[in-house]
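Below is the file model.txt, which contains compact mmCIF, C-alpha atoms and all ligand atoms.
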# COMPACT_ATOMS: atom_id res chain seq x y z
CA MET V 1 15.26 -6.64 13.30
CA THR V 2 17.94 -9.22 12.67
CA THR V 3 17.15 -12.09 10.39
CA PRO V 4 15.93 -15.19 12.22
CA THR V 5 18.15 -18.21 12.20
CA GLU V 6 16.19 -20.67 10.04
CA SER V 7 17.97 -21.58 6.84
CA THR V 8 17.76 -19.02 4.07
CA THR V 9 20.32 -20.56 1.82
CA ALA V 10 18.23 -23.30 0.26
CA VAL V 11 18.16 -21.52 -3.09
CA THR V 12 20.59 -22.26 -5.86
CA ALA V 13 22.12 -19.94 -8.45
CA ASN V 14 19.45 -20.66 -11.06
CA ALA V 15 16.66 -19.90 -8.58
CA THR V 16 15.77 -16.40 -9.75
CA ARG V 17 11.98 -16.32 -9.45
CA VAL V 18 9.96 -14.80 -6.63
CA LEU V 19 6.25 -15.32 -6.07
CA VAL V 20 4.65 -12.31 -4.38
CA LEU V 21 1.46 -12.96 -2.44
CA ASN V 22 -0.89 -10.30 -1.13
CA SER V 23 -3.55 -12.09 0.92
CA GLY V 24 -6.63 -10.06 1.88
CA SER V 25 -9.60 -11.20 3.94
CA SER V 26 -11.43 -12.62 0.91
CA SER V 27 -8.84 -12.31 -1.85
CA VAL V 28 -5.34 -13.28 -2.89
CA LYS V 29 -3.39 -11.23 -5.42
CA TYR V 30 -0.20 -12.70 -6.81
CA GLN V 31 2.64 -12.05 -9.20
CA LEU V 32 5.50 -14.27 -10.27
CA LEU V 33 8.61 -12.31 -11.19
CA ASP V 34 11.99 -13.22 -12.64
CA MET V 35 14.53 -11.15 -10.74
CA ARG V 36 17.20 -11.36 -13.43
CA ASP V 37 15.37 -8.71 -15.43
CA ARG V 38 12.48 -7.97 -13.00
CA SER V 39 10.03 -9.20 -15.60
CA ARG V 40 6.59 -10.54 -14.72
CA LEU V 41 5.94 -14.15 -15.69
CA ALA V 42 2.35 -14.32 -14.45
CA VAL V 43 -0.10 -12.16 -12.52
CA GLY V 44 -3.48 -12.98 -11.06
CA LEU V 45 -6.15 -12.66 -8.48
CA VAL V 46 -8.54 -14.87 -6.55
CA GLU V 47 -11.50 -12.97 -5.15
CA ARG V 48 -14.66 -13.68 -3.15
CA ILE V 49 -12.92 -16.54 -1.31
CA GLY V 50 -15.45 -18.39 0.87
CA GLU V 51 -18.40 -17.56 -1.40
CA GLU V 52 -20.19 -19.61 -4.04
CA THR V 53 -19.04 -17.21 -6.75
CA SER V 54 -15.29 -17.14 -6.09
CA ARG V 55 -13.35 -16.05 -9.15
CA LEU V 56 -9.80 -16.72 -10.26
CA VAL V 57 -8.26 -14.61 -13.01
CA HIS V 58 -4.84 -15.75 -14.14
CA THR V 59 -2.74 -13.98 -16.74
CA PRO V 60 0.42 -15.73 -17.96
CA LEU V 61 2.83 -13.22 -19.45
CA THR V 62 5.17 -15.63 -21.20
CA GLY V 63 4.80 -17.77 -24.29
CA GLY V 64 1.73 -16.01 -25.67
CA ALA V 65 -0.71 -17.90 -23.40
CA GLU V 66 -4.12 -16.34 -22.91
CA LYS V 67 -5.66 -14.94 -19.75
CA ARG V 68 -7.77 -17.60 -17.99
CA GLU V 69 -10.73 -17.07 -15.72
CA ARG V 70 -12.86 -19.44 -13.69
CA THR V 71 -15.75 -19.00 -11.32
CA GLY V 72 -16.97 -21.42 -8.65
CA PRO V 73 -16.66 -21.95 -4.92
CA ILE V 74 -13.16 -21.62 -3.44
CA ALA V 75 -13.60 -22.37 0.26
CA ASP V 76 -10.59 -20.76 1.89
CA HIS V 77 -7.06 -19.41 1.44
CA ALA V 78 -5.61 -22.91 1.25
CA ALA V 79 -7.93 -23.79 -1.65
CA ALA V 80 -7.20 -20.44 -3.30
CA LEU V 81 -3.47 -20.93 -3.20
CA LYS V 82 -3.81 -24.50 -4.44
CA ALA V 83 -5.81 -23.17 -7.40
CA VAL V 84 -3.13 -20.56 -8.08
CA ALA V 85 -0.44 -23.25 -7.88
CA ASP V 86 -2.38 -25.34 -10.45
CA GLU V 87 -2.61 -22.38 -12.83
CA LEU V 88 1.13 -21.73 -12.52
CA THR V 89 1.87 -25.43 -13.10
CA HIS V 90 -0.27 -25.31 -16.24
CA ASP V 91 2.09 -22.65 -17.61
CA GLY V 92 5.21 -24.58 -16.60
CA LEU V 93 5.81 -22.15 -13.73
CA GLY V 94 4.79 -24.45 -10.85
CA LEU V 95 5.67 -23.89 -7.23
CA ASP V 96 7.83 -27.03 -7.33
CA SER V 97 10.14 -25.45 -9.91
CA PRO V 98 13.82 -25.25 -8.82
CA GLU V 99 13.81 -21.78 -10.33
CA LEU V 100 11.56 -20.49 -7.57
CA ALA V 101 13.81 -18.78 -5.02
CA ALA V 102 11.28 -17.60 -2.46
CA ILE V 103 7.78 -16.44 -1.73
CA GLY V 104 7.38 -12.83 -0.58
CA HIS V 105 4.31 -12.00 1.48
CA ARG V 106 2.82 -8.59 2.03
CA VAL V 107 2.10 -8.34 5.74
CA VAL V 108 0.13 -5.29 6.79
CA HIS V 109 1.12 -4.85 10.42
CA GLY V 110 4.61 -5.47 11.73
CA GLY V 111 4.27 -3.33 14.85
CA LEU V 112 7.49 -1.85 16.19
CA ARG V 113 9.47 -5.04 16.06
CA PHE V 114 9.68 -5.59 12.30
CA THR V 115 11.64 -2.75 10.76
CA GLU V 116 12.96 -4.82 7.84
CA PRO V 117 11.80 -7.60 5.54
CA THR V 118 12.08 -10.77 7.58
CA VAL V 119 12.47 -14.46 6.76
CA ILE V 120 9.40 -16.16 8.19
CA THR V 121 9.84 -18.62 11.03
CA GLU V 122 7.30 -19.95 13.54
CA GLU V 123 8.57 -17.32 15.94
CA VAL V 124 7.97 -14.54 13.39
CA LEU V 125 4.49 -15.90 12.69
CA ALA V 126 3.73 -15.92 16.42
CA GLU V 127 4.72 -12.25 16.62
CA VAL V 128 2.53 -11.35 13.60
CA GLU V 129 -0.29 -13.19 15.38
CA ARG V 130 0.34 -11.15 18.53
CA LEU V 131 -0.32 -8.05 16.42
CA VAL V 132 -3.81 -9.20 15.37
CA PRO V 133 -5.52 -6.96 17.99
CA VAL V 134 -4.07 -3.86 16.27
CA ALA V 135 -4.74 -5.18 12.74
CA PRO V 136 -7.84 -7.39 13.09
CA LEU V 137 -8.88 -7.08 9.45
CA HIS V 138 -5.52 -7.59 7.82
CA ASN V 139 -3.06 -9.72 9.77
CA PRO V 140 -5.29 -12.85 10.02
CA ALA V 141 -5.57 -12.97 6.22
CA ASN V 142 -1.84 -12.46 5.82
CA ILE V 143 -1.19 -15.26 8.32
CA ALA V 144 -3.57 -17.59 6.47
CA GLY V 145 -1.70 -16.92 3.23
CA ILE V 146 1.67 -17.57 4.85
CA ARG V 147 0.57 -20.79 6.56
CA THR V 148 -0.86 -22.13 3.31
CA ALA V 149 2.22 -21.24 1.29
CA ARG V 150 4.48 -22.83 3.91
CA ALA V 151 2.44 -26.01 3.80
CA LEU V 152 2.78 -26.15 0.01
CA ARG V 153 6.55 -25.55 0.00
CA PRO V 154 7.92 -26.07 3.52
CA ASP V 155 11.51 -26.07 2.25
CA LEU V 156 11.29 -22.73 0.47
CA PRO V 157 12.34 -19.45 2.13
CA GLN V 158 9.34 -17.23 2.72
CA VAL V 159 9.74 -13.56 3.53
CA ALA V 160 7.37 -11.10 5.18
CA VAL V 161 7.50 -7.53 3.87
CA PHE V 162 5.67 -5.24 6.26
CA ASP V 163 3.51 -2.24 5.32
CA THR V 164 4.53 -0.57 8.54
CA ALA V 165 8.30 -1.14 8.32
CA PHE V 166 9.25 2.02 6.40
CA HIS V 167 7.52 4.14 9.01
CA THR V 168 9.35 2.74 12.03
CA THR V 169 11.91 5.54 11.65
CA MET V 170 9.31 8.14 12.67
CA PRO V 171 10.43 10.05 15.75
CA GLU V 172 8.41 9.58 18.94
CA SER V 173 7.13 13.14 18.57
CA ALA V 174 5.33 12.07 15.37
CA ALA V 175 4.46 8.50 16.35
CA ARG V 176 2.88 9.07 19.76
CA TYR V 177 -0.68 10.19 20.31
CA ALA V 178 -1.07 12.73 23.11
CA ILE V 179 -2.91 10.33 25.38
CA ASP V 180 -2.07 8.72 28.73
CA VAL V 181 1.27 7.00 28.20
CA GLU V 182 0.53 3.94 30.36
CA THR V 183 -2.76 3.26 28.57
CA ALA V 184 -1.14 3.76 25.18
CA ASP V 185 1.76 1.43 25.96
CA ALA V 186 -0.42 -1.24 27.56
CA HIS V 187 -2.45 -1.52 24.35
CA ARG V 188 0.32 -0.66 21.86
CA ILE V 189 -1.57 2.44 20.77
CA ARG V 190 0.62 4.64 18.58
CA ARG V 191 0.88 5.77 15.00
CA TYR V 192 2.32 2.98 12.84
CA GLY V 193 1.47 4.12 9.30
CA PHE V 194 0.74 1.88 6.30
CA HIS V 195 1.45 1.72 2.53
CA GLY V 196 5.11 1.73 3.62
CA THR V 197 6.29 -0.44 0.73
CA SER V 198 4.84 2.09 -1.69
CA HIS V 199 6.20 5.14 0.16
CA ALA V 200 9.67 3.54 0.25
CA TYR V 201 9.62 2.64 -3.44
CA VAL V 202 8.19 5.96 -4.64
CA SER V 203 10.47 8.15 -2.52
CA ARG V 204 13.51 6.27 -3.86
CA ARG V 205 12.28 6.49 -7.48
CA THR V 206 11.62 10.20 -7.02
CA ALA V 207 15.20 10.78 -5.88
CA ALA V 208 16.40 8.85 -8.95
CA LEU V 209 14.16 10.98 -11.18
CA LEU V 210 15.95 14.05 -9.79
CA GLY V 211 19.34 12.37 -10.41
CA LYS V 212 20.04 12.25 -6.67
CA GLU V 213 20.59 9.70 -3.92
CA PRO V 214 17.65 9.20 -1.53
CA SER V 215 19.85 10.56 1.28
CA GLU V 216 20.14 13.89 -0.57
CA VAL V 217 16.46 14.75 -0.93
CA ASN V 218 13.35 15.52 1.10
CA VAL V 219 10.17 14.23 -0.49
CA ILE V 220 6.45 14.38 0.27
CA VAL V 221 4.83 11.23 -1.12
CA LEU V 222 1.09 11.28 -1.76
CA HIS V 223 -0.19 7.71 -2.21
CA LEU V 224 -3.71 8.34 -3.48
CA GLY V 225 -5.50 5.09 -4.24
CA ASN V 226 -8.77 3.81 -2.85
CA GLY V 227 -6.85 3.91 0.43
CA ALA V 228 -4.74 7.07 0.65
CA SER V 229 -1.82 8.25 2.73
CA ALA V 230 0.87 10.91 2.73
CA SER V 231 4.39 10.67 4.05
CA ALA V 232 7.26 13.05 4.72
CA VAL V 233 10.57 11.43 3.82
CA ALA V 234 13.77 13.21 4.89
CA GLY V 235 16.96 11.91 3.30
CA GLY V 236 15.39 8.52 2.60
CA ARG V 237 13.89 8.06 6.10
CA CYS V 238 10.23 8.45 6.90
CA VAL V 239 9.67 11.15 9.54
CA GLU V 240 5.88 11.44 9.39
CA THR V 241 2.93 9.69 7.77
CA SER V 242 -0.79 10.26 7.78
CA MET V 243 -2.17 6.83 8.71
CA GLY V 244 -2.04 5.91 12.37
CA LEU V 245 -2.86 2.96 14.63
CA THR V 246 -5.00 1.77 11.72
CA PRO V 247 -5.35 2.93 8.11
CA LEU V 248 -8.32 5.11 9.09
CA GLU V 249 -6.41 8.26 10.03
CA GLY V 250 -5.37 11.03 7.68
CA LEU V 251 -6.52 11.83 4.16
CA VAL V 252 -10.04 11.52 2.79
CA MET V 253 -10.11 8.13 1.05
CA GLY V 254 -12.44 6.15 -1.21
CA THR V 255 -14.55 4.85 1.66
CA ARG V 256 -12.63 5.96 4.81
CA SER V 257 -13.23 9.25 6.57
CA GLY V 258 -9.60 9.98 7.43
CA ASP V 259 -9.21 12.51 10.28
CA ILE V 260 -12.26 13.25 12.39
CA ASP V 261 -12.73 14.44 15.95
CA PRO V 262 -12.61 11.19 17.99
CA ALA V 263 -15.60 12.50 19.91
CA VAL V 264 -17.72 11.80 16.81
CA THR V 265 -17.49 8.12 17.79
CA PHE V 266 -18.75 8.71 21.36
CA HIS V 267 -21.49 10.90 19.95
CA LEU V 268 -22.61 8.20 17.52
CA LYS V 269 -22.66 5.67 20.36
CA ARG V 270 -24.52 7.86 22.83
CA VAL V 271 -26.87 9.72 20.53
CA ALA V 272 -27.38 7.35 17.60
CA GLY V 273 -27.03 4.16 19.68
CA MET V 274 -24.51 2.67 17.27
CA SER V 275 -22.22 -0.18 18.35
CA ALA V 276 -18.43 -0.09 18.02
CA ASP V 277 -18.65 -2.43 15.02
CA GLU V 278 -21.27 -0.27 13.32
CA ILE V 279 -19.17 2.87 13.81
CA ASP V 280 -16.10 1.00 12.55
CA GLU V 281 -18.03 0.00 9.42
CA LEU V 282 -19.38 3.52 8.94
CA LEU V 283 -15.97 5.19 9.14
CA ASN V 284 -14.04 2.55 7.17
CA LYS V 285 -16.53 1.43 4.53
CA LYS V 286 -19.24 4.06 4.14
CA SER V 287 -17.38 7.34 4.54
CA GLY V 288 -14.79 9.26 2.52
CA LEU V 289 -15.77 10.02 -1.06
CA MET V 290 -18.38 7.24 -0.97
CA GLY V 291 -20.09 8.68 2.09
CA LEU V 292 -19.94 12.21 0.74
CA CYS V 293 -21.33 11.60 -2.73
CA GLY V 294 -22.16 7.90 -3.21
CA ASP V 295 -19.15 7.19 -5.44
CA ASN V 296 -15.60 6.29 -4.48
CA ASP V 297 -14.13 6.17 -7.98
CA MET V 298 -12.46 9.44 -8.93
CA ARG V 299 -13.29 8.89 -12.62
CA GLU V 300 -17.00 8.79 -11.84
CA ILE V 301 -16.72 11.80 -9.52
CA ARG V 302 -15.00 13.86 -12.22
CA ARG V 303 -17.66 12.80 -14.74
CA ARG V 304 -20.40 13.92 -12.37
CA ILE V 305 -18.63 17.23 -11.70
CA ASP V 306 -18.47 17.86 -15.46
CA GLU V 307 -22.24 17.37 -15.54
CA GLY V 308 -22.68 19.97 -12.81
CA ASP V 309 -23.32 17.59 -9.90
CA GLU V 310 -22.98 19.61 -6.66
CA ARG V 311 -22.53 16.68 -4.28
CA ALA V 312 -19.68 15.31 -6.37
CA ARG V 313 -18.12 18.80 -6.47
CA LEU V 314 -18.27 19.15 -2.69
CA ALA V 315 -16.80 15.66 -2.17
CA PHE V 316 -13.92 16.60 -4.50
CA ASP V 317 -13.36 19.91 -2.71
CA ILE V 318 -13.24 18.22 0.72
CA TYR V 319 -10.79 15.64 -0.65
CA ILE V 320 -8.52 18.37 -2.03
CA HIS V 321 -8.79 20.58 1.06
CA ARG V 322 -7.51 17.73 3.26
CA LEU V 323 -4.73 16.93 0.82
CA LYS V 324 -3.58 20.53 0.81
CA LYS V 325 -3.56 20.67 4.60
CA TYR V 326 -1.23 17.67 4.64
CA ILE V 327 1.06 19.13 1.97
CA GLY V 328 1.38 22.29 4.06
CA ALA V 329 1.91 20.36 7.29
CA TYR V 330 4.57 18.09 5.81
CA TYR V 331 6.29 21.06 4.21
CA ALA V 332 6.62 22.50 7.72
CA VAL V 333 7.76 19.16 9.18
CA LEU V 334 10.50 18.82 6.54
CA GLY V 335 11.56 22.48 6.45
CA ARG V 336 12.91 22.05 2.93
CA VAL V 337 11.07 20.09 0.25
CA ASP V 338 12.78 18.96 -2.96
CA ALA V 339 9.86 17.06 -4.49
CA ILE V 340 6.25 16.09 -4.13
CA ALA V 341 5.38 12.74 -5.70
CA PHE V 342 1.89 11.61 -6.65
CA THR V 343 1.26 7.89 -6.87
CA ALA V 344 -1.40 5.07 -6.88
CA GLY V 345 -4.67 4.97 -8.84
CA VAL V 346 -5.79 8.57 -8.28
CA GLY V 347 -2.32 10.10 -7.97
CA GLU V 348 -1.08 8.49 -11.18
CA ASN V 349 -4.18 9.08 -13.28
CA ALA V 350 -6.23 12.03 -12.07
CA ALA V 351 -4.62 15.19 -13.46
CA PRO V 352 -7.36 17.44 -11.95
CA VAL V 353 -6.51 16.14 -8.46
CA ARG V 354 -2.81 16.94 -8.93
CA GLU V 355 -3.59 20.37 -10.33
CA ALA V 356 -6.03 21.25 -7.53
CA ALA V 357 -3.80 19.89 -4.75
CA VAL V 358 -0.98 22.33 -5.49
CA ALA V 359 -3.06 25.24 -6.85
CA GLY V 360 -2.28 28.46 -5.00
CA LEU V 361 0.92 27.10 -3.44
CA GLU V 362 3.29 29.08 -5.72
CA GLU V 363 4.71 30.84 -2.65
CA LEU V 364 5.92 27.44 -1.49
CA GLY V 365 7.64 26.91 -4.85
CA LEU V 366 4.93 24.52 -6.04
CA VAL V 367 3.76 24.86 -9.64
CA VAL V 368 2.28 22.34 -12.07
CA ASP V 369 2.67 22.70 -15.84
CA ALA V 370 -0.74 22.06 -17.41
CA ASP V 371 0.66 20.34 -20.53
CA LEU V 372 3.02 18.07 -18.58
CA ASN V 373 0.23 17.28 -16.12
CA ALA V 374 -2.02 16.17 -18.97
CA VAL V 375 0.48 13.57 -20.26
CA ARG V 376 -0.57 9.97 -19.60
CA SER V 377 2.32 7.58 -19.08
CA ALA V 378 3.34 4.58 -17.01
CA GLU V 379 6.80 6.11 -16.50
CA PRO V 380 7.96 8.32 -13.62
CA ARG V 381 7.86 11.92 -14.81
CA LEU V 382 8.05 15.56 -13.72
CA ILE V 383 4.97 17.73 -14.13
CA SER V 384 6.47 20.96 -12.78
CA PRO V 385 8.13 23.52 -15.06
CA ASN V 386 11.95 23.75 -15.09
CA TYR V 387 11.99 26.97 -13.10
CA ALA V 388 9.97 25.57 -10.18
CA ARG V 389 11.78 25.44 -6.83
CA VAL V 390 10.09 22.18 -5.87
CA ALA V 391 9.77 19.30 -8.33
CA VAL V 392 6.28 17.88 -8.67
CA ALA V 393 6.39 14.29 -9.95
CA VAL V 394 4.09 11.45 -10.94
CA VAL V 395 5.78 8.19 -9.94
CA PRO V 396 3.80 5.00 -10.55
CA THR V 397 4.07 2.75 -7.54
CA ASP V 398 4.98 -0.94 -7.81
CA GLU V 399 4.51 -2.62 -4.45
CA GLU V 400 4.85 -6.12 -5.90
CA LEU V 401 8.22 -5.35 -7.47
CA GLU V 402 9.39 -3.78 -4.22
CA ILE V 403 8.27 -6.86 -2.24
CA ALA V 404 9.97 -9.15 -4.77
CA GLN V 405 13.21 -7.16 -4.62
CA GLN V 406 13.28 -7.06 -0.84
CA THR V 407 12.50 -10.78 -0.71
CA PHE V 408 15.12 -11.72 -3.26
CA ALA V 409 17.77 -9.55 -1.57
CA LEU V 410 17.33 -11.65 1.59
CA VAL V 411 17.52 -15.07 -0.02
CA ALA V 412 19.55 -14.73 -3.19
CA PRO V 413 22.81 -16.61 -3.40
CA GLU V 414 25.88 -14.42 -3.69
CA GLY V 415 26.47 -12.93 -7.11
CA VAL V 416 23.01 -13.45 -8.60
P1 LIG N 501 -5.67 1.91 -6.22
O1 LIG N 501 -6.22 1.66 -4.83
O2 LIG N 501 -4.29 2.47 -6.19
O3 LIG N 501 -5.80 0.73 -7.14
O4 LIG N 501 -6.57 3.07 -6.85
C1 LIG N 501 -7.91 2.85 -7.20
C2 LIG N 501 -8.59 4.17 -7.46
O5 LIG N 501 -7.88 4.92 -8.45
C3 LIG N 501 -10.00 4.06 -8.03
O6 LIG N 501 -10.94 3.89 -7.01
C4 LIG N 501 -10.17 5.38 -8.74
O7 LIG N 501 -10.68 6.34 -7.82
C5 LIG N 501 -8.76 5.80 -9.10
N1 LIG N 501 -8.51 5.75 -10.54
C6 LIG N 501 -8.10 4.70 -11.27
N2 LIG N 501 -7.97 5.04 -12.57
C7 LIG N 501 -8.28 6.35 -12.66
C8 LIG N 501 -8.33 7.30 -13.72
N3 LIG N 501 -8.03 6.97 -14.98
N4 LIG N 501 -8.70 8.57 -13.43
C9 LIG N 501 -9.03 8.91 -12.17
N5 LIG N 501 -8.99 8.07 -11.12
C10 LIG N 501 -8.63 6.81 -11.36
Could I get this structure in the form of structure tokens?
Ligand code: AMP
Amino acid sequence: MTTPTESTTAVTANATRVLVLNSGSSSVKYQLLDMRDRSRLAVGLVERIGEETSRLVHTPLTGGAEKRERTGPIADHAAALKAVADELTHDGLGLDSPELAAIGHRVVHGGLRFTEPTVITEEVLAEVERLVPVAPLHNPANIAGIRTARALRPDLPQVAVFDTAFHTTMPESAARYAIDVETADAHRIRRYGFHGTSHAYVSRRTAALLGKEPSEVNVIVLHLGNGASASAVAGGRCVETSMGLTPLEGLVMGTRSGDIDPAVTFHLKRVAGMSADEIDELLNKKSGLMGLCGDNDMREIRRRIDEGDERARLAFDIYIHRLKKYIGAYYAVLGRVDAIAFTAGVGENAAPVREAAVAGLEELGLVVDADLNAVRSAEPRLISPNYARVAVAVVPTDEELEIAQQTFALVAPEGV
């Protein structure tokens, strides 16, 4: 969408810092970056907001200061952000600094309207609020974070970067569910996709790794974290992604089931007498790897497999089977694939997952070199041999940097 009309030019040439806020229902993660060299000045996290045992962990990354941690009740997002502001002030990086150019907020659901990062106005906030019914867990927390930050620095440009934005280029054939059109439209039921900031960043970095422009390559991105999603990116534009109306659809995740027959939900209601909220909790919090074997951490699952644990083995096999189905499907959607990129906690670290996901797909041009796959690094890298038709890459994601860059691009004075 076009940028709203509220002033975005409040920043001066020496305002080169961006604070990135990722507000969850009971947590706030933050990073302060200097956009001149994209360096991090401070990172931190407030968790268990609203409980007696809230915890703030703040790590300054300048001037040799030590990581600080404190525990004690933090009542709400306003108190959390105030505590973060105090920590930053302590390091001489306060929110009142003229060097702060903007605050960039991760906003999970932008619906169809927000296709780009957007300077936040009351009108934008009202629209994000209107989307709460399709993102009841996420958007209220994002809104709380934004309102608090605006109260602290009302004069400062604040930008919303939407998880859904990158996926708004999906064609209708991919975005629509095959259900009654009137019902779908009345309730805004369609496939929106999530993790878009990561898919955008990783697909671009993958093109760069191949020495190409994003417009020249087709990439399958596999974002495998605790939440997991795949996307098919054709010439820099997303044409298909695995999450849908909510983040529940698609791959097997840490605690989410991913794809199931929707009739499972009616069955659970009719036969097991479960309520909608109980089924929601079951499928989002107690399913996936956790539901299958009692662990959602891939490290623990691999350890158990090495000890001969059958349940862990089966959970791993189901996870890989689903992943492979999506690789095959997205290969067909794209027609030609130049690269497959693994990212996020599992994708960046779990070599056995990468190996198993492409095993047996040599006919599709997919091969992983065992030695390259075993390398541990924080840098983007290829793990396929030179002769392979399709590049297989590990590309660490950096959603905070992407949010900071998109935010800064909207508010930076000319020439900075
Ligand atoms: P994320 O949501 O991207 O932070 O990813 C978190 C998940 O990454 C954890 O739940 C683990 O399953 C996985 N993970 C993190 N580190 C490793 C590792 N060294 N090996 C395997 N899996 C890992």
Could you list, as an mmCIF file with C-alpha atoms, keeping the file's coordinate frame, every residue within 12 Å of V:Gly72, counting all atoms listed in the file and ignoring same-chain residues fewer than 4 positions away?
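Listing of selection24.cif after writing:
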data_model
loop_
_atom_site.group_PDB
_atom_site.id
_atom_site.type_symbol
_atom_site.label_atom_id
_atom_site.label_comp_id
_atom_site.auth_asym_id
_atom_site.auth_seq_id
_atom_site.Cartn_x
_atom_site.Cartn_y
_atom_site.Cartn_z
ATOM 1 C CA VAL V 46 -8.540 -14.870 -6.550
ATOM 2 C CA GLU V 47 -11.500 -12.970 -5.150
ATOM 3 C CA ARG V 48 -14.660 -13.680 -3.150
ATOM 4 C CA ILE V 49 -12.920 -16.540 -1.310
ATOM 5 C CA GLY V 50 -15.450 -18.390 0.870
ATOM 6 C CA GLU V 51 -18.400 -17.560 -1.400
ATOM 7 C CA GLU V 52 -20.190 -19.610 -4.040
ATOM 8 C CA THR V 53 -19.040 -17.210 -6.750
ATOM 9 C CA SER V 54 -15.290 -17.140 -6.090
ATOM 10 C CA ARG V 55 -13.350 -16.050 -9.150
ATOM 11 C CA LEU V 56 -9.800 -16.720 -10.260
ATOM 12 C CA VAL V 57 -8.260 -14.610 -13.010
ATOM 13 C CA ALA V 79 -7.930 -23.790 -1.650
ATOM 14 C CA ALA V 80 -7.200 -20.440 -3.300
ATOM 15 C CA ALA V 83 -5.810 -23.170 -7.400
#
>> As an exercise, work out the distance from atom CA of V:Thr343 to atom CA of V:Arg311 in Å and give it to one decimal place.
In response: 25.5 Å
>> Please list as an NGL selection string every residue within 12 Å of V:Leu292, counting all atoms listed in the file and excluding residues in the same chain fewer than 5 positions away.
In response: :V and (252-257 or 282-283 or 285-287 or 301 or 310-319)
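Shortest atom-to-atom contact with ligand LIG 501 (chain N) among V:Ala272, V:Leu323, V:Ala370, V:Leu224: V:Leu224, counting all atoms listed in the file.
Proximity ranking of V:Pro385, V:Gly145, V:Gly92, V:Gly236 relative to V:Tyr30 places V:Gly145 first, based on only C-alpha atoms.
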>> If the limit is 6 Å from any atom of ligand LIG 501 (chain N), counting all atoms listed in the file, which residues qualify? Return them as a VMD selection string.
In response: chain V and resid 225 to 227 296 to 299 344 to 346 349 to 350
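The shortest atom-to-atom distance to V:Ala234, with all atoms listed in the file taken into account, belongs to V:Ser203 out of V:Ser384, V:Ser275, V:Ser198, V:Ser203.
Counting from atom CA of V:Leu156, the distance to atom CA of V:Gln31 is 16.8 Å.
The smallest atom-to-atom distance between V:Ile340 and any of V:Met170, V:Ala378, V:Ala409, V:Val217, using only C-alpha atoms, is found for V:Val217.
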> Can you list, as an MDAnalysis selection string, every protein, DNA or RNA residue that comes within 8 Å of V:Gly110 when you count only C-alpha atoms, leaving out same-chain residues fewer than 2 positions away?
Replying inline: chainID V and resid 107:108 112:115 128 131 162:165
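If all atoms listed in the file are the atoms counted, then among V:Pro98, V:Pro117, V:Gly244, V:Pro171 the closest residue to V:Ala15 is V:Pro98.
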> Counting all atoms listed in the file, what is within 8 Å of V:Ala404, bar same-chain residues fewer than 4 positions away, as number ranges by chain?
Replying inline: V: 18-20, 33, 35, 104, 400, 408
> Between atom CA of V:Ala151 and atom CA of V:Leu93, what is the distance, to one decimal in Å?
Replying inline: 18.3 Å
> V:Asn142: which residues within 10 Å, counting only C-alpha atoms, same-chain residues fewer than 4 positions away excluded, as JSON, numbers by chain?
Replying inline: {"V": [21, 22, 23, 24, 25, 28, 77, 105, 106, 107, 108, 109, 125, 128, 129, 137, 138, 146, 147, 160]}
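Minimum atom-to-atom distance to V:Ala263, evaluated using all atoms listed in the file, belongs to V:Ile279 out of V:Ile279, V:Ile74, V:Ala356, V:Leu95.
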